[in-house]
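Below is one structure, written out as structure tokens; comments come after it.
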Amino acid sequence: MIQHSKSSLIANLVAAGALLVSVVALIVSFVQTQRALEISQASLDLSRSQQPSLDADTEVYNGWIEDATPPDSATLRVSYALHNTGEEQLRGCLTKWGYTTLDGAPIMYYATIVEPGGEVWALDPGHNHESQVAVTIRPEYEITSIAYVTVWFECRAPEITTSRTLFGVDLAAGALIDEAAYGLSKLPAMSSVERGVALDERYGRASPWAEYTIPPFVEDAE
């Protein structure tokens with residue numbers, strides 16, 4: 001009986017020791033995991049802090065109408081600038097325009113590139129690029145006597161799309177609506193994918209764009 005009790009005591013002590021070792025191992029593993037996560041997060045935060053900031057802003061220097069022949073046509077001209085206010089060079093940049101409604105909804109699928117031959121340009125941090133936009137407007141698409149045009153910039157590396165500046169043109173009067181030489185308003189940026197989805201929804205079509213990921217963009221300041 002005494003031998004049996006002694007064996008049971010030893011067995012219990014062994015079990016308790018094993019349990020204690022397991023608990024200690026679990027605590028050590030948890031502490032090591034937490035420490036690894038903290039180190040990983042610290043490394044990620046440091047990496048992000050060392051990345052150059054990405055920022056851009058647009059400015060209209062002037063907008064005007066020329067060669068107007070009411071109510072048949074008028075040419076909208078805009079002196080439009082992109083300011084690289086970030087710390088990273090912008091590359092593969094283009095100036096674009098497209099017809100929209102007053103609230104900025106696109107009414108044509110493909111934006112028009114301003115640069116002849118689609119020539120791209122780069123912009124260093126702290127520098128500006130000025131584009132000369134010329135849009136000859138005639139009654140077409142959904143345009144009768146009133147046309148709304150948005151202008152914006154896009155860069156491929158890093159991939160950005162700036163906010164859009166909206167202009168209104170009265171073909172019957174051959175003049176800017178509200179004489180808004182600096183634009184009627186500044187509208188949120190819209191990627192090509194978003195434009196495609198919006199147009200398909202507008203015209204009641206099934207959109208092949210729905211499964212695509214919308215690329216990132218930077219909206220400039222209001």
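Within each chain, counting starts at residue 1; across the structure tokens, chains are named A, B, ... in the order shown, with ligands numbered 1 upward in that order.
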Which residues are close to A:Gln132, i.e. within 7 Å by only C-alpha atoms, leaving aside same-chain residues fewer than 6 positions away? Reply as a list in words. Val78, Ser79 and Tyr80 of chain A
Which residues come within 10 Å of A:Tyr109, counting only C-alpha atoms, excluding same-chain residues fewer than 6 positions away, as a count of residues only? 9
Judged by only C-alpha atoms, the minimum distance to A:Ala173 among A:Trp121, A:Gly92, A:Pro71, A:Glu66 is found for A:Pro71
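Residues in contact range of A:Ala175, defined as at most 10 Å between only C-alpha atoms, with sequence neighbours fewer than 3 positions away removed, read Trp64, Ile65, Glu66, Ala68, Pro70, Ala74, Thr75, Leu76, Gly168, Val169, Asp170, Leu171, Ala172, Asp178, Glu179 and Ala180 of chain A.
Taking atom CA of A:Gly174 and atom CA of A:Pro188 as the two end points, the separation is 27.5 Å.
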Between atom CA of A:Val151 and atom CA of A:His129 - distance in Å to one decimal: 14.3 Å
May I ask which of the residues A:Ile143, A:Leu166, A:Ile177, A:Val193 is the closest one to A:Asp72, counting only C-alpha atoms? A:Ile143
Atom CA of A:Ile146 and atom CA of A:Trp97, how far apart in Å? 16.4 Å
